[in-house]
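Q: run07.pdb is reproduced in full below (PDB, C-alpha atoms).
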```pdb
ATOM      1  CA  MET A   1      24.433 -10.830 -22.900
ATOM      2  CA  ARG A   2      23.575  -7.606 -21.062
ATOM      3  CA  THR A   3      23.241  -9.550 -17.811
ATOM      4  CA  ALA A   4      26.667 -11.094 -18.358
ATOM      5  CA  PHE A   5      28.103  -7.614 -18.886
ATOM      6  CA  SER A   6      26.385  -6.207 -15.781
ATOM      7  CA  ASN A   7      27.555  -9.121 -13.638
ATOM      8  CA  ALA A   8      31.137  -8.841 -14.907
ATOM      9  CA  ILE A   9      31.570  -5.153 -14.131
ATOM     10  CA  ALA A  10      29.928  -5.488 -10.697
ATOM     11  CA  ALA A  11      32.211  -8.387  -9.791
ATOM     12  CA  ALA A  12      35.270  -6.486 -11.037
ATOM     13  CA  ALA A  13      34.379  -3.405  -8.978
ATOM     14  CA  ILE A  14      33.742  -5.452  -5.831
ATOM     15  CA  ALA A  15      37.124  -7.151  -6.254
ATOM     16  CA  ASP A  16      39.069  -3.956  -7.032
ATOM     17  CA  PRO A  17      38.274  -0.458  -5.725
ATOM     18  CA  LYS A  18      40.185   1.056  -8.642
ATOM     19  CA  VAL A  19      37.559  -0.155 -11.146
ATOM     20  CA  LEU A  20      35.290   2.774 -11.996
ATOM     21  CA  LEU A  21      32.189   2.930 -14.179
ATOM     22  CA  LEU A  22      31.487   6.111 -16.142
ATOM     23  CA  THR A  23      28.224   6.717 -17.978
ATOM     24  CA  GLY A  24      26.826   9.583 -20.003
ATOM     25  CA  ASP A  25      23.404   9.526 -18.312
ATOM     26  CA  HIS A  26      22.486   6.086 -19.707
ATOM     27  CA  GLY A  27      21.951   2.532 -18.489
ATOM     28  CA  TYR A  28      20.584   3.001 -14.990
ATOM     29  CA  ALA A  29      18.655  -0.284 -14.623
ATOM     30  CA  LEU A  30      21.647  -2.086 -16.106
ATOM     31  CA  PHE A  31      23.831  -0.733 -13.305
ATOM     32  CA  ASP A  32      21.517  -1.383 -10.322
ATOM     33  CA  ASP A  33      23.756  -4.147  -8.975
ATOM     34  CA  PHE A  34      26.920  -2.107  -9.509
ATOM     35  CA  ARG A  35      25.523   0.947  -7.716
ATOM     36  CA  LYS A  36      24.108  -1.182  -4.903
ATOM     37  CA  HIS A  37      27.491  -2.679  -4.055
ATOM     38  CA  ARG A  38      29.905   0.061  -5.154
ATOM     39  CA  PRO A  39      28.101   3.429  -5.385
ATOM     40  CA  ASP A  40      31.350   5.352  -4.853
ATOM     41  CA  GLN A  41      32.825   3.742  -7.979
ATOM     42  CA  PHE A  42      29.968   4.911 -10.221
ATOM     43  CA  ILE A  43      30.320   8.263 -12.003
ATOM     44  CA  ASN A  44      27.510   9.824 -14.038
ATOM     45  CA  CYS A  45      29.284  12.291 -16.296
ATOM     46  CA  GLY A  46      26.021  13.567 -17.762
ATOM     47  CA  VAL A  47      25.317  14.283 -21.406
ATOM     48  CA  ALA A  48      28.950  15.217 -22.035
ATOM     49  CA  GLU A  49      30.451  12.127 -23.619
ATOM     50  CA  GLN A  50      33.574  13.818 -24.998
ATOM     51  CA  ASN A  51      34.435  15.144 -21.565
ATOM     52  CA  MET A  52      33.685  11.700 -20.103
ATOM     53  CA  VAL A  53      36.384  10.090 -22.243
ATOM     54  CA  GLY A  54      38.875  12.765 -21.187
ATOM     55  CA  VAL A  55      37.989  12.084 -17.544
ATOM     56  CA  ALA A  56      38.467   8.342 -18.128
ATOM     57  CA  ALA A  57      41.893   8.922 -19.696
ATOM     58  CA  GLY A  58      42.959  11.049 -16.741
ATOM     59  CA  LEU A  59      41.721   8.442 -14.276
ATOM     60  CA  ALA A  60      43.601   5.706 -16.149
ATOM     61  CA  LYS A  61      46.773   7.795 -16.036
ATOM     62  CA  ALA A  62      46.304   8.131 -12.293
ATOM     63  CA  GLY A  63      46.140   4.357 -11.865
ATOM     64  CA  TYR A  64      42.401   3.774 -11.947
ATOM     65  CA  LYS A  65      40.618   1.288 -14.198
ATOM     66  CA  PRO A  66      37.779   3.082 -15.997
ATOM     67  CA  ILE A  67      34.920   1.475 -17.914
ATOM     68  CA  VAL A  68      33.136   3.954 -20.196
ATOM     69  CA  TYR A  69      29.550   3.072 -21.123
ATOM     70  CA  GLY A  70      27.345   4.675 -23.736
ATOM     71  CA  LEU A  71      25.114   3.986 -26.678
ATOM     72  CA  ALA A  72      27.221   2.959 -29.671
ATOM     73  CA  CYS A  73      26.033   6.032 -31.602
ATOM     74  CA  PHE A  74      27.785   8.154 -28.939
ATOM     75  CA  VAL A  75      30.567   5.814 -27.764
ATOM     76  CA  PRO A  76      32.523   5.583 -30.037
ATOM     77  CA  VAL A  77      31.041   7.753 -32.803
ATOM     78  CA  ARG A  78      30.622  11.047 -30.935
ATOM     79  CA  VAL A  79      33.890  10.667 -29.034
ATOM     80  CA  LEU A  80      36.184   9.401 -31.773
ATOM     81  CA  GLU A  81      38.786  12.163 -31.423
ATOM     82  CA  GLN A  82      38.998  11.671 -27.658
ATOM     83  CA  ILE A  83      39.358   7.900 -28.040
ATOM     84  CA  LYS A  84      42.130   8.418 -30.574
ATOM     85  CA  LEU A  85      44.160  11.101 -28.787
ATOM     86  CA  ASP A  86      43.280  10.964 -25.082
ATOM     87  CA  VAL A  87      43.234   7.169 -24.778
ATOM     88  CA  CYS A  88      44.816   5.252 -27.662
ATOM     89  CA  TYR A  89      47.685   7.632 -28.468
ATOM     90  CA  GLN A  90      48.820   7.233 -24.855
ATOM     91  CA  ALA A  91      47.784   3.548 -24.667
ATOM     92  CA  MET A  92      45.605   4.184 -21.625
ATOM     93  CA  PRO A  93      43.831   1.018 -20.382
ATOM     94  CA  VAL A  94      40.241   2.213 -20.790
ATOM     95  CA  VAL A  95      37.344  -0.114 -21.593
ATOM     96  CA  PHE A  96      34.647   1.285 -23.910
ATOM     97  CA  ILE A  97      31.208  -0.293 -24.110
ATOM     98  CA  GLY A  98      29.028   0.653 -27.080
ATOM     99  CA  ASP A  99      25.506  -0.566 -26.318
ATOM    100  CA  GLY A 100      22.709  -0.935 -28.861
ATOM    101  CA  ALA A 101      25.119  -1.353 -31.779
ATOM    102  CA  GLY A 102      23.777  -1.866 -35.267
ATOM    103  CA  ILE A 103      20.171  -0.904 -35.975
ATOM    104  CA  VAL A 104      18.543  -2.334 -32.860
ATOM    105  CA  TYR A 105      17.453   1.147 -31.677
ATOM    106  CA  SER A 106      15.175   0.893 -34.657
ATOM    107  CA  ALA A 107      12.371   3.167 -33.462
ATOM    108  CA  LEU A 108      14.725   6.067 -32.659
ATOM    109  CA  GLY A 109      15.997   6.666 -36.176
ATOM    110  CA  SER A 110      19.471   6.930 -37.672
ATOM    111  CA  SER A 111      20.672   9.308 -34.947
ATOM    112  CA  HIS A 112      20.554   6.403 -32.473
ATOM    113  CA  GLN A 113      21.662   3.609 -34.792
ATOM    114  CA  SER A 114      25.305   2.672 -35.225
ATOM    115  CA  ALA A 115      26.330   0.854 -38.388
ATOM    116  CA  GLU A 116      29.781   2.436 -38.620
ATOM    117  CA  ASP A 117      31.377   1.939 -35.194
ATOM    118  CA  ILE A 118      33.670  -0.926 -36.231
ATOM    119  CA  ALA A 119      34.764   0.946 -39.344
ATOM    120  CA  VAL A 120      35.707   4.170 -37.583
ATOM    121  CA  LEU A 121      37.697   2.319 -34.906
ATOM    122  CA  ARG A 122      39.544  -0.272 -36.988
ATOM    123  CA  ALA A 123      42.059   2.297 -38.231
ATOM    124  CA  ILE A 124      42.968   3.555 -34.748
ATOM    125  CA  PRO A 125      46.145   1.896 -33.433
ATOM    126  CA  LYS A 126      46.468   0.182 -30.046
ATOM    127  CA  LEU A 127      42.732  -0.540 -29.741
ATOM    128  CA  ASP A 128      41.156  -4.000 -29.522
ATOM    129  CA  ILE A 129      37.610  -4.420 -30.913
ATOM    130  CA  LEU A 130      35.336  -7.201 -29.677
ATOM    131  CA  SER A 131      31.851  -8.069 -30.898
ATOM    132  CA  PRO A 132      30.221 -10.846 -28.838
ATOM    133  CA  CYS A 133      27.191 -12.778 -30.060
ATOM    134  CA  ASP A 134      25.856 -14.205 -26.785
ATOM    135  CA  ALA A 135      26.416 -14.300 -23.028
ATOM    136  CA  ARG A 136      29.399 -16.655 -23.215
ATOM    137  CA  GLU A 137      31.142 -14.507 -25.799
ATOM    138  CA  MET A 138      30.407 -11.493 -23.587
ATOM    139  CA  ASP A 139      32.096 -13.306 -20.676
ATOM    140  CA  TYR A 140      35.053 -13.947 -22.999
ATOM    141  CA  ALA A 141      35.169 -10.289 -24.086
ATOM    142  CA  MET A 142      34.909  -8.935 -20.548
ATOM    143  CA  ALA A 143      37.585 -11.317 -19.257
ATOM    144  CA  HIS A 144      39.966  -9.790 -21.795
ATOM    145  CA  ALA A 145      38.861  -6.188 -21.307
ATOM    146  CA  LEU A 146      38.919  -6.271 -17.506
ATOM    147  CA  ARG A 147      42.598  -7.102 -17.458
ATOM    148  CA  PHE A 148      43.026  -3.372 -18.236
ATOM    149  CA  LYS A 149      46.198  -3.902 -20.253
ATOM    150  CA  ARG A 150      45.267  -1.743 -23.271
ATOM    151  CA  PRO A 151      42.291   0.154 -24.748
ATOM    152  CA  VAL A 152      39.356  -2.107 -25.642
ATOM    153  CA  TYR A 153      36.020  -1.476 -27.373
ATOM    154  CA  ILE A 154      33.187  -3.965 -26.870
ATOM    155  CA  ARG A 155      30.279  -3.756 -29.297
ATOM    156  CA  MET A 156      27.077  -4.879 -27.605
ATOM    157  CA  GLY A 157      23.832  -5.405 -29.501
ATOM    158  CA  LYS A 158      20.691  -4.895 -27.480
ATOM    159  CA  SER A 159      18.682  -7.661 -29.149
ATOM    160  CA  ASP A 160      18.616 -11.154 -27.637
ATOM    161  CA  VAL A 161      19.054 -13.676 -30.432
ATOM    162  CA  GLY A 162      19.549 -16.621 -28.090
ATOM    163  CA  GLU A 163      22.368 -18.863 -26.985
ATOM    164  CA  ILE A 164      25.073 -19.850 -29.465
ATOM    165  CA  HIS A 165      27.707 -21.510 -27.269
ATOM    166  CA  GLN A 166      27.019 -24.341 -24.854
ATOM    167  CA  THR A 167      30.275 -23.914 -22.916
ATOM    168  CA  ALA A 168      32.661 -21.130 -22.006
ATOM    169  CA  LEU A 169      35.128 -19.930 -24.641
ATOM    170  CA  SER A 170      38.830 -20.573 -24.191
ATOM    171  CA  ALA A 171      40.086 -19.455 -27.607
ATOM    172  CA  PRO A 172      43.051 -17.071 -27.828
ATOM    173  CA  LEU A 173      42.137 -13.468 -28.554
ATOM    174  CA  GLY A 174      41.655 -12.991 -32.287
ATOM    175  CA  ASP A 175      40.641 -16.553 -33.103
ATOM    176  CA  LEU A 176      37.552 -17.427 -35.090
ATOM    177  CA  VAL A 177      35.383 -19.899 -33.172
ATOM    178  CA  ALA A 178      33.715 -22.808 -34.967
ATOM    179  CA  VAL A 179      30.025 -22.971 -34.029
ATOM    180  CA  ARG A 180      28.689 -25.297 -36.721
ATOM    181  CA  GLY A 181      30.377 -28.088 -38.676
ATOM    182  CA  GLY A 182      33.751 -26.354 -38.706
ATOM    183  CA  ALA A 183      35.756 -29.376 -39.880
ATOM    184  CA  ALA A 184      34.115 -29.856 -43.283
ATOM    185  CA  ASP A 185      35.578 -28.242 -46.415
ATOM    186  CA  ALA A 186      35.649 -28.505 -50.179
ATOM    187  CA  ALA A 187      38.954 -30.405 -50.248
ATOM    188  CA  SER A 188      37.384 -33.326 -48.364
ATOM    189  CA  GLY A 189      34.259 -33.372 -50.509
ATOM    190  CA  GLY A 190      32.286 -31.179 -48.148
ATOM    191  CA  PRO A 191      30.709 -27.754 -48.702
ATOM    192  CA  ARG A 192      32.451 -25.197 -50.909
ATOM    193  CA  THR A 193      31.151 -22.309 -48.795
ATOM    194  CA  ALA A 194      31.839 -21.286 -45.198
ATOM    195  CA  PHE A 195      30.132 -18.597 -43.134
ATOM    196  CA  LEU A 196      31.827 -16.043 -40.895
ATOM    197  CA  ALA A 197      29.630 -13.839 -38.727
ATOM    198  CA  THR A 198      29.750 -11.573 -35.715
ATOM    199  CA  GLY A 199      27.292 -10.298 -33.125
ATOM    200  CA  SER A 200      23.602 -10.739 -33.899
ATOM    201  CA  MET A 201      24.335 -12.254 -37.306
ATOM    202  CA  VAL A 202      25.880 -15.459 -35.924
ATOM    203  CA  LYS A 203      22.435 -16.924 -35.290
ATOM    204  CA  SER A 204      21.380 -15.938 -38.826
ATOM    205  CA  ALA A 205      24.522 -17.524 -40.255
ATOM    206  CA  MET A 206      23.729 -20.816 -38.546
ATOM    207  CA  LEU A 207      20.195 -20.859 -39.956
ATOM    208  CA  LEU A 208      21.388 -19.951 -43.454
ATOM    209  CA  ALA A 209      24.211 -22.483 -43.389
ATOM    210  CA  GLU A 210      21.727 -25.259 -42.669
ATOM    211  CA  ARG A 211      19.348 -24.187 -45.442
ATOM    212  CA  LEU A 212      22.103 -23.850 -48.030
ATOM    213  CA  GLY A 213      23.554 -27.328 -47.686
ATOM    214  CA  ASP A 214      25.062 -27.990 -44.267
ATOM    215  CA  ASN A 215      27.814 -25.375 -44.433
ATOM    216  CA  PRO A 216      30.235 -24.682 -41.574
ATOM    217  CA  VAL A 217      30.009 -21.467 -39.538
ATOM    218  CA  TRP A 218      32.586 -19.557 -37.550
ATOM    219  CA  SER A 219      31.730 -16.846 -35.042
ATOM    220  CA  VAL A 220      34.119 -13.901 -34.969
ATOM    221  CA  PRO A 221      34.048 -12.379 -31.473
ATOM    222  CA  THR A 222      37.255 -10.399 -32.051
ATOM    223  CA  ILE A 223      37.375  -7.987 -34.978
ATOM    224  CA  LYS A 224      40.787  -6.577 -34.065
ATOM    225  CA  PRO A 225      43.159  -8.315 -33.657
ATOM    226  CA  ILE A 226      42.034 -11.117 -35.956
ATOM    227  CA  ASN A 227      43.868 -14.373 -36.627
ATOM    228  CA  HIS A 228      45.229 -13.875 -40.160
ATOM    229  CA  ALA A 229      46.739 -17.359 -40.312
ATOM    230  CA  GLN A 230      43.358 -18.881 -39.521
ATOM    231  CA  LEU A 231      41.672 -16.705 -42.163
ATOM    232  CA  ALA A 232      44.309 -17.720 -44.700
ATOM    233  CA  GLY A 233      43.619 -21.377 -43.969
ATOM    234  CA  LEU A 234      39.889 -20.929 -44.510
ATOM    235  CA  ALA A 235      40.449 -18.910 -47.678
ATOM    236  CA  ARG A 236      42.498 -21.762 -49.158
ATOM    237  CA  ARG A 237      40.101 -24.525 -48.047
ATOM    238  CA  PHE A 238      36.854 -22.980 -49.285
ATOM    239  CA  ASP A 239      35.717 -21.426 -52.537
ATOM    240  CA  ASN A 240      33.478 -18.835 -50.849
ATOM    241  CA  LEU A 241      33.574 -17.073 -47.497
ATOM    242  CA  VAL A 242      30.214 -15.457 -46.708
ATOM    243  CA  VAL A 243      30.619 -12.717 -44.091
ATOM    244  CA  LEU A 244      27.536 -11.482 -42.213
ATOM    245  CA  GLU A 245      27.308  -8.466 -39.897
ATOM    246  CA  GLU A 246      24.792  -5.937 -38.590
ATOM    247  CA  HIS A 247      27.065  -3.130 -39.747
ATOM    248  CA  ASN A 248      27.833  -1.213 -42.911
ATOM    249  CA  ARG A 249      29.377  -3.647 -45.386
ATOM    250  CA  ILE A 250      32.189  -1.080 -45.788
ATOM    251  CA  GLY A 251      34.915  -1.198 -43.164
ATOM    252  CA  GLY A 252      33.483  -3.813 -40.816
ATOM    253  CA  LEU A 253      34.207  -7.509 -40.400
ATOM    254  CA  GLY A 254      33.679  -8.084 -44.121
ATOM    255  CA  GLY A 255      36.280  -5.447 -44.898
ATOM    256  CA  ALA A 256      38.761  -6.993 -42.462
ATOM    257  CA  VAL A 257      38.291 -10.451 -43.993
ATOM    258  CA  ALA A 258      38.522  -9.124 -47.564
ATOM    259  CA  GLU A 259      41.740  -7.261 -46.747
ATOM    260  CA  ALA A 260      43.319 -10.343 -45.184
ATOM    261  CA  VAL A 261      42.284 -12.645 -48.038
ATOM    262  CA  GLY A 262      43.310 -10.074 -50.649
ATOM    263  CA  ASP A 263      46.853 -10.138 -49.300
ATOM    264  CA  LEU A 264      47.168 -13.846 -50.050
ATOM    265  CA  GLY A 265      48.786 -15.187 -53.171
ATOM    266  CA  GLY A 266      47.570 -18.146 -55.227
ATOM    267  CA  ALA A 267      44.096 -19.660 -55.239
ATOM    268  CA  ARG A 268      41.837 -18.251 -52.569
ATOM    269  CA  ALA A 269      38.189 -17.901 -51.671
ATOM    270  CA  ARG A 270      35.863 -15.224 -52.929
ATOM    271  CA  VAL A 271      34.677 -13.047 -50.026
ATOM    272  CA  LEU A 272      30.967 -12.199 -50.070
ATOM    273  CA  ARG A 273      30.340  -9.261 -47.719
ATOM    274  CA  LEU A 274      26.724  -9.011 -46.569
ATOM    275  CA  GLY A 275      25.617  -6.208 -44.288
ATOM    276  CA  ILE A 276      23.975  -2.798 -44.481
ATOM    277  CA  ASN A 277      24.429  -1.364 -47.974
ATOM    278  CA  ASP A 278      26.079   1.949 -47.083
ATOM    279  CA  ARG A 279      22.890   3.890 -46.380
ATOM    280  CA  PHE A 280      20.833   5.254 -43.517
ATOM    281  CA  SER A 281      17.515   3.804 -42.396
ATOM    282  CA  GLU A 282      14.656   5.471 -44.251
ATOM    283  CA  PHE A 283      11.888   4.569 -41.812
ATOM    284  CA  ASN A 284      11.446   3.740 -38.129
ATOM    285  CA  GLY A 285       9.918   0.574 -36.762
ATOM    286  CA  SER A 286      10.761  -2.645 -34.970
ATOM    287  CA  TRP A 287      14.196  -4.247 -35.167
ATOM    288  CA  ASP A 288      12.755  -7.024 -37.347
ATOM    289  CA  TYR A 289      11.323  -4.390 -39.684
ATOM    290  CA  LEU A 290      14.675  -2.591 -39.993
ATOM    291  CA  LEU A 291      16.441  -5.876 -40.746
ATOM    292  CA  ARG A 292      14.032  -6.345 -43.647
ATOM    293  CA  GLU A 293      14.453  -2.753 -44.825
ATOM    294  CA  HIS A 294      18.206  -3.222 -45.001
ATOM    295  CA  GLY A 295      17.997  -6.705 -46.507
ATOM    296  CA  ILE A 296      19.741  -8.487 -43.637
ATOM    297  CA  ASP A 297      16.820 -10.540 -42.367
ATOM    298  CA  THR A 298      17.131 -14.285 -42.921
ATOM    299  CA  ALA A 299      14.840 -14.448 -45.967
ATOM    300  CA  SER A 300      16.582 -11.567 -47.757
ATOM    301  CA  LEU A 301      20.042 -12.915 -46.980
ATOM    302  CA  LEU A 302      19.067 -16.365 -48.239
ATOM    303  CA  ALA A 303      17.958 -14.915 -51.579
ATOM    304  CA  GLN A 304      21.122 -12.789 -51.889
ATOM    305  CA  ILE A 305      23.454 -15.672 -51.104
ATOM    306  CA  GLN A 306      21.666 -18.054 -53.471
ATOM    307  CA  THR A 307      22.043 -15.510 -56.269
ATOM    308  CA  LEU A 308      25.711 -14.860 -55.530
ATOM    309  CA  LEU A 309      26.576 -18.546 -55.316
ATOM    310  CA  ARG A 310      24.600 -19.337 -58.468
ATOM    311  CA  ASP A 311      26.496 -16.630 -60.342
ATOM    312  CA  ASP A 312      29.725 -18.251 -59.169
ATOM    313  CA  ALA A 313      28.739 -21.760 -60.276
TER     314      ALA A 313
END
```
Go ahead and express the file in the form of structure tokens.
A:
Amino acid sequence: MRTAFSNAIAAAAIADPKVLLLTGDHGYALFDDFRKHRPDQFINCGVAEQNMVGVAAGLAKAGYKPIVYGLACFVPVRVLEQIKLDVCYQAMPVVFIGDGAGIVYSALGSSHQSAEDIAVLRAIPKLDILSPCDAREMDYAMAHALRFKRPVYIRMGKSDVGEIHQTALSAPLGDLVAVRGGAADAASGGPRTAFLATGSMVKSAMLLAERLGDNPVWSVPTIKPINHAQLAGLARRFDNLVVLEEHNRIGGLGGAVAEAVGDLGGARARVLRLGINDRFSEFNGSWDYLLREHGIDTASLLAQIQTLLRDDA
């Protein structure tokens, strides 16, 4: 996924001298190819992320096409006001990349983990939010972002959970993408439960769906906008929608799905939101360790879902 991102921005800069990459003193090895081919389009703004976003907004207003890169704990969390007022209020076409989203910077503590980035951005108007799960979804996200039509945030996890898609995505922006058995549903005698997941949790959702009775899974590469008509269809076809994310269970994908389903009238699915339970990490360790601490490793999720579905039976 990181290679797909690096290749996309290098190709964009080679094709268009107005494409600029701004970084807050991060990501050097990731940008080797970019700096090799277009060193004059690379700007290290130093450890001054708030100023960096202001610079990007000014460059966008002057006709340039800025890509702002940082760790997700800094971009967007540290620079939220600047994203809101300097970029989104004026609808400046700036691309934000938040790397290491979730708890993947596990050894660096809560200061470098980001389980709230989707939540803090969802309420800001004029901003698209994308959360790819593999290299092909990253290609899909970058193809949208590099049109430079509006502000875009791309949430990039640092962990490599493997390939999900076998072919390139062609879905409209906002669509949920079926990745496992998407045609089955309760009305046709199939499973009563469907899984929706984003980012690193798509792979987990596929494993859990198999263990729990051959359930269908949809990947959600776009958090905002999201296809409400598609969500409504799923909510009326299934009894349960299990939403998985490496993010606080408040305000993330689970919140977006619950809000959309809650607006529906009549019979509709119960939304089970599974993510980080609104707390900081207590200890440092490997990414696998932190997943277990927060109860979002596969074994813990399996036990939680079995309990929730049994209570619903």
Q: Got a sec: who's within 12 Å of A:Ser204, counting all atoms listed in the file, leaving out chain neighbours fewer than 2 positions off, as a PyMOL selection string?
A: chain A and resi 133+161-162+164+195-202+206-211+217-219+242-246+274-275+291+296-302
Q: Taking all atoms listed in the file into account, name the residue in A:Gln90, A:Asn227, A:Asn277, A:Asn44 that is nearest to A:Ala57.
A: A:Gln90
Q: Identify which of the residues A:Leu80, A:Leu212, A:Leu21, A:Ala13 lies closest to A:Thr193, counting only C-alpha atoms when measuring atom-to-atom distances.
A: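 For A:Thr193, the nearest of the candidates is A:Leu212.
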Q: Check which residues satisfy the PyMOL selection byres ((chain A and resi 169-173) around 10) in the file shown, then give them as a CSV table (one decimal) with C-alpha atoms, in the frame of the given file.
A:
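Result file selection.csv:
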```csv
chain,number,residue,atom,x,y,z
A,128,ASP,CA,41.2,-4.0,-29.5
A,130,LEU,CA,35.3,-7.2,-29.7
A,136,ARG,CA,29.4,-16.7,-23.2
A,137,GLU,CA,31.1,-14.5,-25.8
A,138,MET,CA,30.4,-11.5,-23.6
A,139,ASP,CA,32.1,-13.3,-20.7
A,140,TYR,CA,35.1,-13.9,-23.0
A,141,ALA,CA,35.2,-10.3,-24.1
A,144,HIS,CA,40.0,-9.8,-21.8
A,165,HIS,CA,27.7,-21.5,-27.3
A,166,GLN,CA,27.0,-24.3,-24.9
A,167,THR,CA,30.3,-23.9,-22.9
A,168,ALA,CA,32.7,-21.1,-22.0
A,174,GLY,CA,41.7,-13.0,-32.3
A,175,ASP,CA,40.6,-16.6,-33.1
A,176,LEU,CA,37.6,-17.4,-35.1
A,177,VAL,CA,35.4,-19.9,-33.2
A,221,PRO,CA,34.0,-12.4,-31.5
A,222,THR,CA,37.3,-10.4,-32.1
A,223,ILE,CA,37.4,-8.0,-35.0
A,224,LYS,CA,40.8,-6.6,-34.1
A,225,PRO,CA,43.2,-8.3,-33.7
A,226,ILE,CA,42.0,-11.1,-36.0
A,227,ASN,CA,43.9,-14.4,-36.6
```
Q: At what distance in Å, to one decimal, does atom CA of A:Tyr64 lie from atom CA of A:Leu121?
A: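 Computed distance, atom CA of A:Leu121 to atom CA of A:Tyr64, equals 23.5 Å.
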